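Worksheet: the structure to be examined is printed underneath.
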There are 4 protein chains.
Amino acid sequence: MDEFIARGFAATRLDDVAKRAGVAKGTIYLHFKDKEALFEELIRTAIVPLVSRLTATPPPVDASVRDMVEGFARVFIQEVAETRRGDLVRLVVAEGPRFPEVADFYYREVVSRGLAGMRALIERGIARGEIRQKNLARYPQILVAPAIIAVIWQSLFSRHAPLDANEMFRIHLDLIFGERRPT
Amino acid sequence: MDEFIARGFAATRLDDVAKRAGVAKGTIYLHFKDKEALFEELIRTAIVPLVSRLTATPPPVDASVRDMVEGFARVFIQEVAETRRGDLVRLVVAEGPRFPEVADFYYREVVSRGLAGMRALIERGIARGEIRQKNLARYPQILVAPAIIAVIWQSLFSRHAPLDANEMFRIHLDLIFGERRPT
Amino acid sequence: MDEFIARGFAATRLDDVAKRAGVAKGTIYLHFKDKEALFEELIRTAIVPLVSRLTATPPPVDASVRDMVEGFARVFIQEVAETRRGDLVRLVVAEGPRFPEVADFYYREVVSRGLAGMRALIERGIARGEIRQKNLARYPQILVAPAIIAVIWQSLFSRHAPLDANEMFRIHLDLIFGERRPT
Amino acid sequence: MDEFIARGFAATRLDDVAKRAGVAKGTIYLHFKDKEALFEELIRTAIVPLVSRLTATPPPVDASVRDMVEGFARVFIQEVAETRRGDLVRLVVAEGPRFPEVADFYYREVVSRGLAGMRALIERGIARGEIRQKNLARYPQILVAPAIIAVIWQSLFSRHAPLDANEMFRIHLDLIFGERRPT
DNA sequence: GATGAATGAGGCTTCATTCAT
DNA sequence: AATGAATGAAGCCTCATTCAT
């Protein structure tokens, strides 16, 4: 996975993959039909823990929706945006069009589920009166957009201009939930 | 460009590039040192018209900031997100980490300029009382995030779930500028 | 080696080398970094047996220096000048300037050692009164020059005018040791 | 010629030849059928001035043969061995086997003539009593061998061990003509 | 099951040669 | 006659894949 992240599908050498995995090159072929199968299965199996990591956040009972979203974002930013896992997202963006299966899987397992979860949260927020913008439930993408942007930013531009993803996201939430009063 | 977009840097064959360009393979080397130089210069020269296209929108005199941003977004979505140019953005995201020069150039020519422009608009919106969230000026990324997300969505998931980028962006603007009253 | 001798470095195709070696092209790269490394190592490893072949002559105990030199020359002419090994020498002459490493190695392993050996012989000859020209020890090159010339001659001109290298060398030795009286 | 000397036939680019000649690449083909023809004719035309340069030595009337040979060698060493022209000789040695026409021409125009001239000198030396070794006339190669060796040495090994070609040749002549008494 | 040496197709790049201007 | 842009064949090298051990 690290190799694919660092170089992309085409530029990754199975030699390096094998070396890093501590096995011989031929061994890879005992488990995967070819390089494509390896890549697709790797993405698949790497995404599962990523999703787990995110959904593992103990669902804060009775919390405000804002706190839930904020906690969720904090985990995402810390565990994904600021680690190698973020590059996994970028890898899917990069190779998706050439690996429809990968894009499909990613949509099914991550995107649609994630958005469904967000939509549920938004609706709860609307119901609880925390969120006034009812239309937001139709586009949960808006809620997560800055987090995705943060992931991409880290990979590409953190060298030029570091980005405080948590702070950005808090300000984004202020737009949705209204500005917090200083306590 | 089309070849690189369709396959990424490593998987693109110069044979195909030449064929599509209607020249012989060797001819490429009369203009570019090697495949990398070709790629980097192509990105560079392809980004310029993209930026032009965006900044060419006649600056609406005396318009509300919301109208300006909305007009801007409409052009972006129509001219970038819904065309091949969007894949150019995805290509930069995909190959950026392996081509620091490309990422640098993109940051300098597109990202930093674009964000500066957005920040100016946001400040004007704050001054005119259209935008209440003063902190937004610190993270103009929030303003454009849904547009970027739309670009990526089109490449990867439009097959599974088409996305009305304009509508999504309007709702995003409602968060920032307040909901429009039905006229 | 045969391919390089027949065509020189630049004109030799690795395809042909592989074919003659009975392996696939890629196999070469399991053993040598590139064509240059192959060439340099081949020269190196080919020179060793050449030197061995020459120094393997059982050192004739108590013989006259002239007999020693003459025996030595006979072996050299028979084993080098009149075989493919001579072309190896010509190859070094031909490619040396473009492969300083090769020239260095050849100087170190063959030339300087060979000349040192010859100088020792010459000094012994002077000590024994066989050689009158004391200055010869300063330029052992003079002693071996006709042998080298013979090597080159065989490669280039034997077609036009065959050369009896042994006879030539004997006459050369007559200059150095004085003419032999017919026994 | 300089290009061919520096790189050998195969590695020389016509681009560079044209550039150095101050003409366009296509112009070469107005004068020479192809690269081989260019090479062969260049060798031919470059050898002529080399021979002229050598035979231009004013034939010292009534001089001793030793003086004639020594003068001749001095010119050769100064004009050939210690200049780029020496590399021309090396070039012929290097490429000769692949360009029989070149080797033929060189043999005809340089080698056989040169040896004939040397033979005549040797015979004169014998007649005048300067040279005692009558057999030398059968192998004039012996006379010139150290000069040829000097040429090769300069190209390959002068970096490691500079060689005083004139001094070496004088000592060689001492073998042939007898040692000079200190005057 | 694991290995890794061997394979050879395929891609990048060079450069002799051509030919329209 | 001279040019030099264009060509495309050919060569070096890589690397996914195989298979005897």
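Letters A, B, ... go to the chains of the structure tokens in the order shown; residues in each chain start at 1; ligands are counted from 1 in the same order.
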Using only C-alpha atoms (C1' of nucleotides), which protein or nucleic acid residues come within 9 Å of DT18 of chain F? Drop anything in the same chain fewer than 2 positions from it, and give the result as a tab-separated table (two decimals) with N, CA and C atoms (P, O5', C5', C4', C3', O3' and C1' of nucleotides), in the first residue's frame.
```
chain	number	residue	atom	x	y	z
A	26	GLY	N	7.70	-13.99	-6.51
A	26	GLY	CA	6.77	-15.02	-6.95
A	26	GLY	C	5.63	-15.25	-5.97
E	6	DA	P	19.78	-16.95	-13.95
E	6	DA	O5'	18.53	-16.87	-14.94
E	6	DA	C5'	17.83	-18.07	-15.22
E	6	DA	C4'	16.63	-17.75	-16.09
E	6	DA	C3'	16.95	-16.89	-17.32
E	6	DA	O3'	16.59	-17.62	-18.49
E	6	DA	C1'	15.05	-16.06	-16.15
E	7	DT	P	16.79	-16.97	-19.91
E	7	DT	O5'	15.35	-16.36	-20.20
E	7	DT	C5'	14.22	-17.21	-20.11
E	7	DT	C4'	12.96	-16.41	-20.28
E	7	DT	C3'	12.94	-15.56	-21.56
E	7	DT	O3'	11.88	-15.99	-22.37
E	7	DT	C1'	12.18	-14.33	-19.66
```
- DSSP on the backbone: what in segment 111-165 of chain A comes out helix (DSSP H, G or I), as a PyMOL selection string? chain A and resi 111-127+134-138+140-157+165
Output file for the residues above (N, CA and C atoms, as a CSV table (one decimal), in the first residue's frame):
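Written output follows (result39.csv):
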```csv
chain,number,residue,atom,x,y,z
A,111,VAL,N,-18.1,6.1,0.4
A,111,VAL,CA,-18.8,7.4,0.0
A,111,VAL,C,-20.2,7.3,0.4
A,112,SER,N,-20.9,6.3,-0.2
A,112,SER,CA,-22.4,6.3,0.0
A,112,SER,C,-22.7,6.0,1.5
A,113,ARG,N,-22.0,5.2,2.2
A,113,ARG,CA,-22.2,5.0,3.6
A,113,ARG,C,-21.9,6.3,4.4
A,114,GLY,N,-20.7,6.8,4.1
A,114,GLY,CA,-20.4,8.1,4.8
A,114,GLY,C,-21.4,9.1,4.6
A,115,LEU,N,-21.8,9.3,3.4
A,115,LEU,CA,-22.8,10.4,3.1
A,115,LEU,C,-24.1,10.1,3.8
A,116,ALA,N,-24.5,8.8,3.8
A,116,ALA,CA,-25.8,8.4,4.5
A,116,ALA,C,-25.7,8.8,5.9
A,117,GLY,N,-24.5,8.4,6.5
A,117,GLY,CA,-24.4,8.8,7.9
A,117,GLY,C,-24.4,10.3,8.2
A,118,MET,N,-23.8,11.0,7.3
A,118,MET,CA,-23.8,12.4,7.5
A,118,MET,C,-25.3,13.0,7.3
A,119,ARG,N,-25.9,12.4,6.3
A,119,ARG,CA,-27.3,12.9,6.1
A,119,ARG,C,-28.2,12.6,7.4
A,120,ALA,N,-28.0,11.5,8.0
A,120,ALA,CA,-28.7,11.2,9.2
A,120,ALA,C,-28.4,12.2,10.3
A,121,LEU,N,-27.1,12.5,10.4
A,121,LEU,CA,-26.8,13.5,11.4
A,121,LEU,C,-27.4,14.8,11.1
A,122,ILE,N,-27.3,15.2,9.8
A,122,ILE,CA,-27.9,16.5,9.5
A,122,ILE,C,-29.4,16.6,9.8
A,123,GLU,N,-30.0,15.5,9.5
A,123,GLU,CA,-31.5,15.5,9.7
A,123,GLU,C,-31.8,15.6,11.2
A,124,ARG,N,-30.9,14.9,12.0
A,124,ARG,CA,-31.1,15.0,13.4
A,124,ARG,C,-30.8,16.4,13.9
A,125,GLY,N,-29.8,17.0,13.3
A,125,GLY,CA,-29.5,18.4,13.6
A,125,GLY,C,-30.7,19.4,13.3
A,126,ILE,N,-31.3,19.1,12.1
A,126,ILE,CA,-32.4,19.9,11.8
A,126,ILE,C,-33.6,19.7,12.8
A,127,ALA,N,-33.8,18.4,13.1
A,127,ALA,CA,-34.9,18.1,14.0
A,127,ALA,C,-34.6,18.8,15.4
A,134,LYS,N,-32.4,23.6,5.9
A,134,LYS,CA,-33.0,22.3,5.7
A,134,LYS,C,-32.4,21.6,4.5
A,135,ASN,N,-32.1,22.4,3.5
A,135,ASN,CA,-31.6,21.8,2.2
A,135,ASN,C,-30.3,21.0,2.4
A,136,LEU,N,-29.6,21.3,3.5
A,136,LEU,CA,-28.3,20.7,3.6
A,136,LEU,C,-28.3,19.2,3.6
A,137,ALA,N,-29.5,18.7,4.1
A,137,ALA,CA,-29.6,17.2,4.1
A,137,ALA,C,-29.6,16.6,2.6
A,138,ARG,N,-29.9,17.5,1.7
A,138,ARG,CA,-29.8,16.9,0.3
A,138,ARG,C,-28.4,16.9,-0.2
A,140,PRO,N,-25.1,16.3,1.7
A,140,PRO,CA,-24.2,16.1,2.8
A,140,PRO,C,-22.7,16.3,2.4
A,141,GLN,N,-22.5,16.2,1.1
A,141,GLN,CA,-21.1,16.5,0.6
A,141,GLN,C,-20.6,17.8,1.1
A,142,ILE,N,-21.6,18.8,1.2
A,142,ILE,CA,-21.1,20.1,1.7
A,142,ILE,C,-20.5,20.0,3.1
A,143,LEU,N,-21.1,19.2,3.9
A,143,LEU,CA,-20.6,19.1,5.2
A,143,LEU,C,-19.2,18.6,5.3
A,144,VAL,N,-18.9,17.6,4.4
A,144,VAL,CA,-17.6,17.0,4.5
A,144,VAL,C,-16.5,17.6,3.6
A,145,ALA,N,-17.0,18.4,2.7
A,145,ALA,CA,-16.1,19.0,1.7
A,145,ALA,C,-14.8,19.5,2.3
A,146,PRO,N,-14.8,20.4,3.3
A,146,PRO,CA,-13.6,20.9,3.8
A,146,PRO,C,-12.6,19.8,4.3
A,147,ALA,N,-13.2,18.8,4.8
A,147,ALA,CA,-12.3,17.7,5.3
A,147,ALA,C,-11.6,17.0,4.1
A,148,ILE,N,-12.3,16.8,3.0
A,148,ILE,CA,-11.7,16.2,1.9
A,148,ILE,C,-10.6,17.2,1.3
A,149,ILE,N,-11.0,18.4,1.2
A,149,ILE,CA,-10.0,19.4,0.8
A,149,ILE,C,-8.8,19.4,1.6
A,150,ALA,N,-9.0,19.2,2.9
A,150,ALA,CA,-7.8,19.2,3.8
A,150,ALA,C,-6.9,18.0,3.5
A,151,VAL,N,-7.5,16.9,3.2
A,151,VAL,CA,-6.7,15.7,2.8
A,151,VAL,C,-5.8,16.0,1.6
A,152,ILE,N,-6.5,16.6,0.6
A,152,ILE,CA,-5.7,16.9,-0.7
A,152,ILE,C,-4.7,17.9,-0.4
A,153,TRP,N,-5.1,18.9,0.3
A,153,TRP,CA,-4.1,20.0,0.6
A,153,TRP,C,-2.8,19.5,1.3
A,154,GLN,N,-3.0,18.6,2.2
A,154,GLN,CA,-1.8,18.1,2.9
A,154,GLN,C,-0.9,17.4,1.9
A,155,SER,N,-1.4,16.6,1.0
A,155,SER,CA,-0.5,15.9,0.1
A,155,SER,C,0.2,16.9,-0.8
A,156,LEU,N,-0.5,17.9,-1.3
A,156,LEU,CA,0.0,18.7,-2.4
A,156,LEU,C,0.7,20.0,-1.9
A,157,PHE,N,0.1,20.6,-1.0
A,157,PHE,CA,0.5,22.0,-0.7
A,157,PHE,C,1.0,22.3,0.7
A,165,ALA,N,-6.3,22.2,9.6
A,165,ALA,CA,-7.5,21.6,9.1
A,165,ALA,C,-8.6,21.6,10.2
```
Chain D least-squares fitted onto chain A over all paired Cα atoms, as a PDB file with C-alpha atoms, in the first residue's frame:
```
ATOM      1  CA  MET D   1       0.021  -0.064  -0.007  1.00  0.00           C
ATOM      2  CA  ASP D   2       2.801   2.311   0.881  1.00  0.00           C
ATOM      3  CA  GLU D   3       4.440   1.588  -2.433  1.00  0.00           C
ATOM      4  CA  PHE D   4       1.267   2.203  -4.394  1.00  0.00           C
ATOM      5  CA  ILE D   5       0.639   5.402  -2.477  1.00  0.00           C
ATOM      6  CA  ALA D   6       4.138   6.644  -3.057  1.00  0.00           C
ATOM      7  CA  ARG D   7       4.231   5.922  -6.763  1.00  0.00           C
ATOM      8  CA  GLY D   8       0.784   5.218  -8.108  1.00  0.00           C
ATOM      9  CA  PHE D   9      -0.276   2.002  -9.757  1.00  0.00           C
ATOM     10  CA  ALA D  10       1.754   2.049 -12.940  1.00  0.00           C
ATOM     11  CA  ALA D  11       5.013   3.217 -11.434  1.00  0.00           C
ATOM     12  CA  THR D  12       4.987   0.751  -8.547  1.00  0.00           C
ATOM     13  CA  ARG D  13       7.316  -2.223  -8.987  1.00  0.00           C
ATOM     14  CA  LEU D  14       6.314  -5.614  -7.706  1.00  0.00           C
ATOM     15  CA  ASP D  15       9.940  -6.107  -6.805  1.00  0.00           C
ATOM     16  CA  ASP D  16       9.639  -3.318  -4.278  1.00  0.00           C
ATOM     17  CA  VAL D  17       6.295  -4.532  -3.041  1.00  0.00           C
ATOM     18  CA  ALA D  18       7.734  -7.986  -2.466  1.00  0.00           C
ATOM     19  CA  LYS D  19      10.823  -6.632  -0.764  1.00  0.00           C
ATOM     20  CA  ARG D  20       8.797  -4.484   1.580  1.00  0.00           C
ATOM     21  CA  ALA D  21       6.437  -7.363   2.269  1.00  0.00           C
ATOM     22  CA  GLY D  22       9.406  -9.567   3.035  1.00  0.00           C
ATOM     23  CA  VAL D  23       8.508 -12.208   0.495  1.00  0.00           C
ATOM     24  CA  ALA D  24       9.816 -13.219  -2.886  1.00  0.00           C
ATOM     25  CA  LYS D  25       8.325 -11.778  -5.996  1.00  0.00           C
ATOM     26  CA  GLY D  26       6.817 -15.057  -7.058  1.00  0.00           C
ATOM     27  CA  THR D  27       4.945 -15.346  -3.802  1.00  0.00           C
ATOM     28  CA  ILE D  28       2.735 -12.450  -4.753  1.00  0.00           C
ATOM     29  CA  TYR D  29       1.405 -14.530  -7.609  1.00  0.00           C
ATOM     30  CA  LEU D  30       0.344 -17.267  -5.224  1.00  0.00           C
ATOM     31  CA  HIS D  31      -2.130 -14.832  -3.750  1.00  0.00           C
ATOM     32  CA  PHE D  32      -3.052 -12.477  -6.565  1.00  0.00           C
ATOM     33  CA  LYS D  33      -3.725 -13.104 -10.195  1.00  0.00           C
ATOM     34  CA  ASP D  34      -1.724 -10.122 -11.334  1.00  0.00           C
ATOM     35  CA  LYS D  35      -0.706  -6.615 -10.429  1.00  0.00           C
ATOM     36  CA  GLU D  36      -4.185  -5.243 -11.003  1.00  0.00           C
ATOM     37  CA  ALA D  37      -5.777  -7.795  -8.729  1.00  0.00           C
ATOM     38  CA  LEU D  38      -3.194  -7.033  -6.080  1.00  0.00           C
ATOM     39  CA  PHE D  39      -3.935  -3.335  -6.344  1.00  0.00           C
ATOM     40  CA  GLU D  40      -7.672  -3.718  -6.222  1.00  0.00           C
ATOM     41  CA  GLU D  41      -7.630  -6.066  -3.282  1.00  0.00           C
ATOM     42  CA  LEU D  42      -5.168  -3.924  -1.431  1.00  0.00           C
ATOM     43  CA  ILE D  43      -7.362  -0.887  -1.813  1.00  0.00           C
ATOM     44  CA  ARG D  44     -10.311  -2.913  -0.658  1.00  0.00           C
ATOM     45  CA  THR D  45      -8.623  -4.295   2.396  1.00  0.00           C
ATOM     46  CA  ALA D  46      -6.994  -0.980   3.247  1.00  0.00           C
ATOM     47  CA  ILE D  47     -10.262   0.871   3.140  1.00  0.00           C
ATOM     48  CA  VAL D  48     -11.941  -1.355   5.656  1.00  0.00           C
ATOM     49  CA  PRO D  49      -9.727  -0.342   8.580  1.00  0.00           C
ATOM     50  CA  LEU D  50     -10.033   3.236   7.446  1.00  0.00           C
ATOM     51  CA  VAL D  51     -13.773   3.040   7.706  1.00  0.00           C
ATOM     52  CA  SER D  52     -13.548   1.146  10.978  1.00  0.00           C
ATOM     53  CA  ARG D  53     -11.245   3.717  12.378  1.00  0.00           C
ATOM     54  CA  LEU D  54     -13.837   6.342  11.597  1.00  0.00           C
ATOM     55  CA  THR D  55     -16.915   4.514  12.777  1.00  0.00           C
ATOM     56  CA  ALA D  56     -15.089   3.315  15.846  1.00  0.00           C
ATOM     57  CA  THR D  57     -15.597   6.703  17.443  1.00  0.00           C
ATOM     58  CA  PRO D  58     -17.726   5.910  20.447  1.00  0.00           C
ATOM     59  CA  PRO D  59     -21.115   7.266  19.432  1.00  0.00           C
ATOM     60  CA  PRO D  60     -21.517  10.095  21.915  1.00  0.00           C
ATOM     61  CA  VAL D  61     -24.869   9.482  23.479  1.00  0.00           C
ATOM     62  CA  ASP D  62     -27.149  12.432  23.778  1.00  0.00           C
ATOM     63  CA  ALA D  63     -24.530  14.820  22.476  1.00  0.00           C
ATOM     64  CA  SER D  64     -25.318  17.802  20.316  1.00  0.00           C
ATOM     65  CA  VAL D  65     -25.045  17.120  16.606  1.00  0.00           C
ATOM     66  CA  ARG D  66     -22.396  19.756  16.304  1.00  0.00           C
ATOM     67  CA  ASP D  67     -20.304  18.021  18.924  1.00  0.00           C
ATOM     68  CA  MET D  68     -20.798  14.728  17.154  1.00  0.00           C
ATOM     69  CA  VAL D  69     -19.766  16.129  13.795  1.00  0.00           C
ATOM     70  CA  GLU D  70     -16.895  17.991  15.307  1.00  0.00           C
ATOM     71  CA  GLY D  71     -15.661  14.928  17.138  1.00  0.00           C
ATOM     72  CA  PHE D  72     -16.008  12.940  14.023  1.00  0.00           C
ATOM     73  CA  ALA D  73     -14.077  15.486  12.015  1.00  0.00           C
ATOM     74  CA  ARG D  74     -11.385  15.641  14.631  1.00  0.00           C
ATOM     75  CA  VAL D  75     -10.843  11.911  14.332  1.00  0.00           C
ATOM     76  CA  PHE D  76     -10.920  12.060  10.558  1.00  0.00           C
ATOM     77  CA  ILE D  77      -8.422  14.872  10.353  1.00  0.00           C
ATOM     78  CA  GLN D  78      -6.129  13.324  12.901  1.00  0.00           C
ATOM     79  CA  GLU D  79      -6.340   9.775  11.627  1.00  0.00           C
ATOM     80  CA  VAL D  80      -6.689  10.365   7.928  1.00  0.00           C
ATOM     81  CA  ALA D  81      -5.802  13.813   6.745  1.00  0.00           C
ATOM     82  CA  GLU D  82      -2.658  13.984   8.795  1.00  0.00           C
ATOM     83  CA  THR D  83      -1.437  10.451   8.133  1.00  0.00           C
ATOM     84  CA  ARG D  84      -0.571   8.251   5.211  1.00  0.00           C
ATOM     85  CA  ARG D  85      -4.172   7.121   5.092  1.00  0.00           C
ATOM     86  CA  GLY D  86      -5.027  10.425   3.517  1.00  0.00           C
ATOM     87  CA  ASP D  87      -2.886   9.492   0.591  1.00  0.00           C
ATOM     88  CA  LEU D  88      -5.022   6.422   0.193  1.00  0.00           C
ATOM     89  CA  VAL D  89      -7.910   8.720  -0.550  1.00  0.00           C
ATOM     90  CA  ARG D  90      -5.761  10.597  -3.002  1.00  0.00           C
ATOM     91  CA  LEU D  91      -4.734   7.304  -4.562  1.00  0.00           C
ATOM     92  CA  VAL D  92      -8.345   6.422  -5.194  1.00  0.00           C
ATOM     93  CA  VAL D  93      -8.913   9.825  -6.735  1.00  0.00           C
ATOM     94  CA  ALA D  94      -5.850   9.335  -8.891  1.00  0.00           C
ATOM     95  CA  GLU D  95      -6.415   5.801 -10.088  1.00  0.00           C
ATOM     96  CA  GLY D  96     -10.176   5.600  -9.821  1.00  0.00           C
ATOM     97  CA  PRO D  97     -10.947   6.384 -13.454  1.00  0.00           C
ATOM     98  CA  ARG D  98      -8.606   3.627 -14.606  1.00  0.00           C
ATOM     99  CA  PHE D  99      -9.934   1.142 -12.051  1.00  0.00           C
ATOM    100  CA  PRO D 100     -13.686   1.347 -12.142  1.00  0.00           C
ATOM    101  CA  GLU D 101     -13.896  -1.566  -9.749  1.00  0.00           C
ATOM    102  CA  VAL D 102     -11.905   0.412  -7.240  1.00  0.00           C
ATOM    103  CA  ALA D 103     -14.036   3.484  -7.693  1.00  0.00           C
ATOM    104  CA  ASP D 104     -17.183   1.390  -7.413  1.00  0.00           C
ATOM    105  CA  PHE D 105     -16.012  -0.284  -4.279  1.00  0.00           C
ATOM    106  CA  TYR D 106     -14.963   2.993  -2.766  1.00  0.00           C
ATOM    107  CA  TYR D 107     -18.262   4.577  -3.589  1.00  0.00           C
ATOM    108  CA  ARG D 108     -20.197   1.676  -2.134  1.00  0.00           C
ATOM    109  CA  GLU D 109     -18.174   1.135   0.988  1.00  0.00           C
ATOM    110  CA  VAL D 110     -17.023   4.595   1.889  1.00  0.00           C
ATOM    111  CA  VAL D 111     -18.761   7.367   0.052  1.00  0.00           C
ATOM    112  CA  SER D 112     -22.374   6.267   0.046  1.00  0.00           C
ATOM    113  CA  ARG D 113     -22.205   5.014   3.624  1.00  0.00           C
ATOM    114  CA  GLY D 114     -20.397   8.070   4.815  1.00  0.00           C
ATOM    115  CA  LEU D 115     -22.850  10.387   3.126  1.00  0.00           C
ATOM    116  CA  ALA D 116     -25.776   8.419   4.477  1.00  0.00           C
ATOM    117  CA  GLY D 117     -24.379   8.766   7.980  1.00  0.00           C
ATOM    118  CA  MET D 118     -23.854  12.465   7.489  1.00  0.00           C
ATOM    119  CA  ARG D 119     -27.342  12.885   6.136  1.00  0.00           C
ATOM    120  CA  ALA D 120     -28.765  11.193   9.203  1.00  0.00           C
ATOM    121  CA  LEU D 121     -26.793  13.504  11.424  1.00  0.00           C
ATOM    122  CA  ILE D 122     -27.900  16.529   9.480  1.00  0.00           C
ATOM    123  CA  GLU D 123     -31.505  15.496   9.744  1.00  0.00           C
ATOM    124  CA  ARG D 124     -31.116  15.031  13.428  1.00  0.00           C
ATOM    125  CA  GLY D 125     -29.562  18.469  13.629  1.00  0.00           C
ATOM    126  CA  ILE D 126     -32.467  19.931  11.764  1.00  0.00           C
ATOM    127  CA  ALA D 127     -34.925  18.134  14.014  1.00  0.00           C
ATOM    128  CA  ARG D 128     -33.147  19.363  17.107  1.00  0.00           C
ATOM    129  CA  GLY D 129     -33.088  22.891  15.764  1.00  0.00           C
ATOM    130  CA  GLU D 130     -29.341  23.042  15.572  1.00  0.00           C
ATOM    131  CA  ILE D 131     -29.305  23.386  11.820  1.00  0.00           C
ATOM    132  CA  ARG D 132     -31.539  25.863  10.106  1.00  0.00           C
ATOM    133  CA  GLN D 133     -30.642  25.120   6.518  1.00  0.00           C
ATOM    134  CA  LYS D 134     -33.012  22.281   5.700  1.00  0.00           C
ATOM    135  CA  ASN D 135     -31.619  21.787   2.216  1.00  0.00           C
ATOM    136  CA  LEU D 136     -28.293  20.753   3.623  1.00  0.00           C
ATOM    137  CA  ALA D 137     -29.624  17.244   4.055  1.00  0.00           C
ATOM    138  CA  ARG D 138     -29.838  16.956   0.289  1.00  0.00           C
ATOM    139  CA  TYR D 139     -26.133  17.574  -0.089  1.00  0.00           C
ATOM    140  CA  PRO D 140     -24.217  16.101   2.814  1.00  0.00           C
ATOM    141  CA  GLN D 141     -21.144  16.516   0.573  1.00  0.00           C
ATOM    142  CA  ILE D 142     -21.153  20.142   1.681  1.00  0.00           C
ATOM    143  CA  LEU D 143     -20.668  19.076   5.244  1.00  0.00           C
ATOM    144  CA  VAL D 144     -17.621  16.976   4.548  1.00  0.00           C
ATOM    145  CA  ALA D 145     -16.141  18.984   1.685  1.00  0.00           C
ATOM    146  CA  PRO D 146     -13.621  20.932   3.782  1.00  0.00           C
ATOM    147  CA  ALA D 147     -12.365  17.712   5.325  1.00  0.00           C
ATOM    148  CA  ILE D 148     -11.727  16.218   1.895  1.00  0.00           C
ATOM    149  CA  ILE D 149     -10.090  19.423   0.789  1.00  0.00           C
ATOM    150  CA  ALA D 150      -7.843  19.220   3.831  1.00  0.00           C
ATOM    151  CA  VAL D 151      -6.729  15.731   2.844  1.00  0.00           C
ATOM    152  CA  ILE D 152      -5.762  16.865  -0.629  1.00  0.00           C
ATOM    153  CA  TRP D 153      -4.150  20.008   0.667  1.00  0.00           C
ATOM    154  CA  GLN D 154      -1.864  18.088   2.982  1.00  0.00           C
ATOM    155  CA  SER D 155      -0.569  15.954   0.135  1.00  0.00           C
ATOM    156  CA  LEU D 156      -0.006  18.704  -2.320  1.00  0.00           C
ATOM    157  CA  PHE D 157       0.458  22.034  -0.674  1.00  0.00           C
ATOM    158  CA  SER D 158       1.324  21.636   2.980  1.00  0.00           C
ATOM    159  CA  ARG D 159       4.898  22.431   1.951  1.00  0.00           C
ATOM    160  CA  HIS D 160       3.853  25.805   0.642  1.00  0.00           C
ATOM    161  CA  ALA D 161       1.218  26.734   3.146  1.00  0.00           C
ATOM    162  CA  PRO D 162       0.372  24.573   6.110  1.00  0.00           C
ATOM    163  CA  LEU D 163      -3.314  24.310   6.796  1.00  0.00           C
ATOM    164  CA  ASP D 164      -4.904  24.021  10.225  1.00  0.00           C
ATOM    165  CA  ALA D 165      -7.571  21.584   9.192  1.00  0.00           C
ATOM    166  CA  ASN D 166      -9.286  21.498  12.573  1.00  0.00           C
ATOM    167  CA  GLU D 167      -9.589  25.237  12.769  1.00  0.00           C
ATOM    168  CA  MET D 168     -10.863  25.417   9.202  1.00  0.00           C
ATOM    169  CA  PHE D 169     -13.434  22.776   9.926  1.00  0.00           C
ATOM    170  CA  ARG D 170     -14.617  24.526  13.056  1.00  0.00           C
ATOM    171  CA  ILE D 171     -15.221  27.692  11.106  1.00  0.00           C
ATOM    172  CA  HIS D 172     -17.033  25.650   8.496  1.00  0.00           C
ATOM    173  CA  LEU D 173     -19.263  24.270  11.243  1.00  0.00           C
ATOM    174  CA  ASP D 174     -19.938  27.776  12.438  1.00  0.00           C
ATOM    175  CA  LEU D 175     -21.526  28.414   9.063  1.00  0.00           C
ATOM    176  CA  ILE D 176     -23.770  25.463   9.483  1.00  0.00           C
ATOM    177  CA  PHE D 177     -24.573  25.576  13.147  1.00  0.00           C
ATOM    178  CA  GLY D 178     -24.183  29.255  13.774  1.00  0.00           C
ATOM    179  CA  GLU D 179     -21.282  30.866  15.496  1.00  0.00           C
ATOM    180  CA  ARG D 180     -20.508  29.668  18.966  1.00  0.00           C
ATOM    181  CA  ARG D 181     -20.732  32.206  21.627  1.00  0.00           C
ATOM    182  CA  PRO D 182     -17.509  32.565  23.484  1.00  0.00           C
ATOM    183  CA  THR D 183     -17.982  30.648  26.676  1.00  0.00           C
TER     184      THR D 183
END
```
- Query: What is the distance between atom C1' of DT14 of chain E and atom C1' of DG8 of chain F, in Å to one decimal?
  - Reply: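 According to the coordinates, atom C1' of DT14 of chain E and atom C1' of DG8 of chain F are separated by 11.2 Å.
Atom to atom, atom C1' of DC13 of chain F and atom C1' of DT3 of chain E stand 24.6 Å apart.
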- Message: Show me, as a list in words, every residue of chain E with an atom at most 10 Å from chain B, counting only C-alpha atoms (C1' of nucleotides).
- Response: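 That gives the following set of residues: DG11, DC12, DT13, DT14 and DC15 of chain E.
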Could you take the residues named above and write them with C-alpha atoms (C1' of nucleotides), as a short mmCIF file (atom, residue, chain, number, x, y, z; two decimals), in the first residue's frame?
```cif
data_model
loop_
_atom_site.label_atom_id
_atom_site.label_comp_id
_atom_site.auth_asym_id
_atom_site.auth_seq_id
_atom_site.Cartn_x
_atom_site.Cartn_y
_atom_site.Cartn_z
"C1'" DG E 11 8.36 1.57 -23.69
"C1'" DC E 12 11.57 5.54 -23.90
"C1'" DT E 13 14.96 7.60 -26.43
"C1'" DT E 14 18.44 8.36 -30.09
"C1'" DC E 15 19.95 9.45 -34.45
#
```
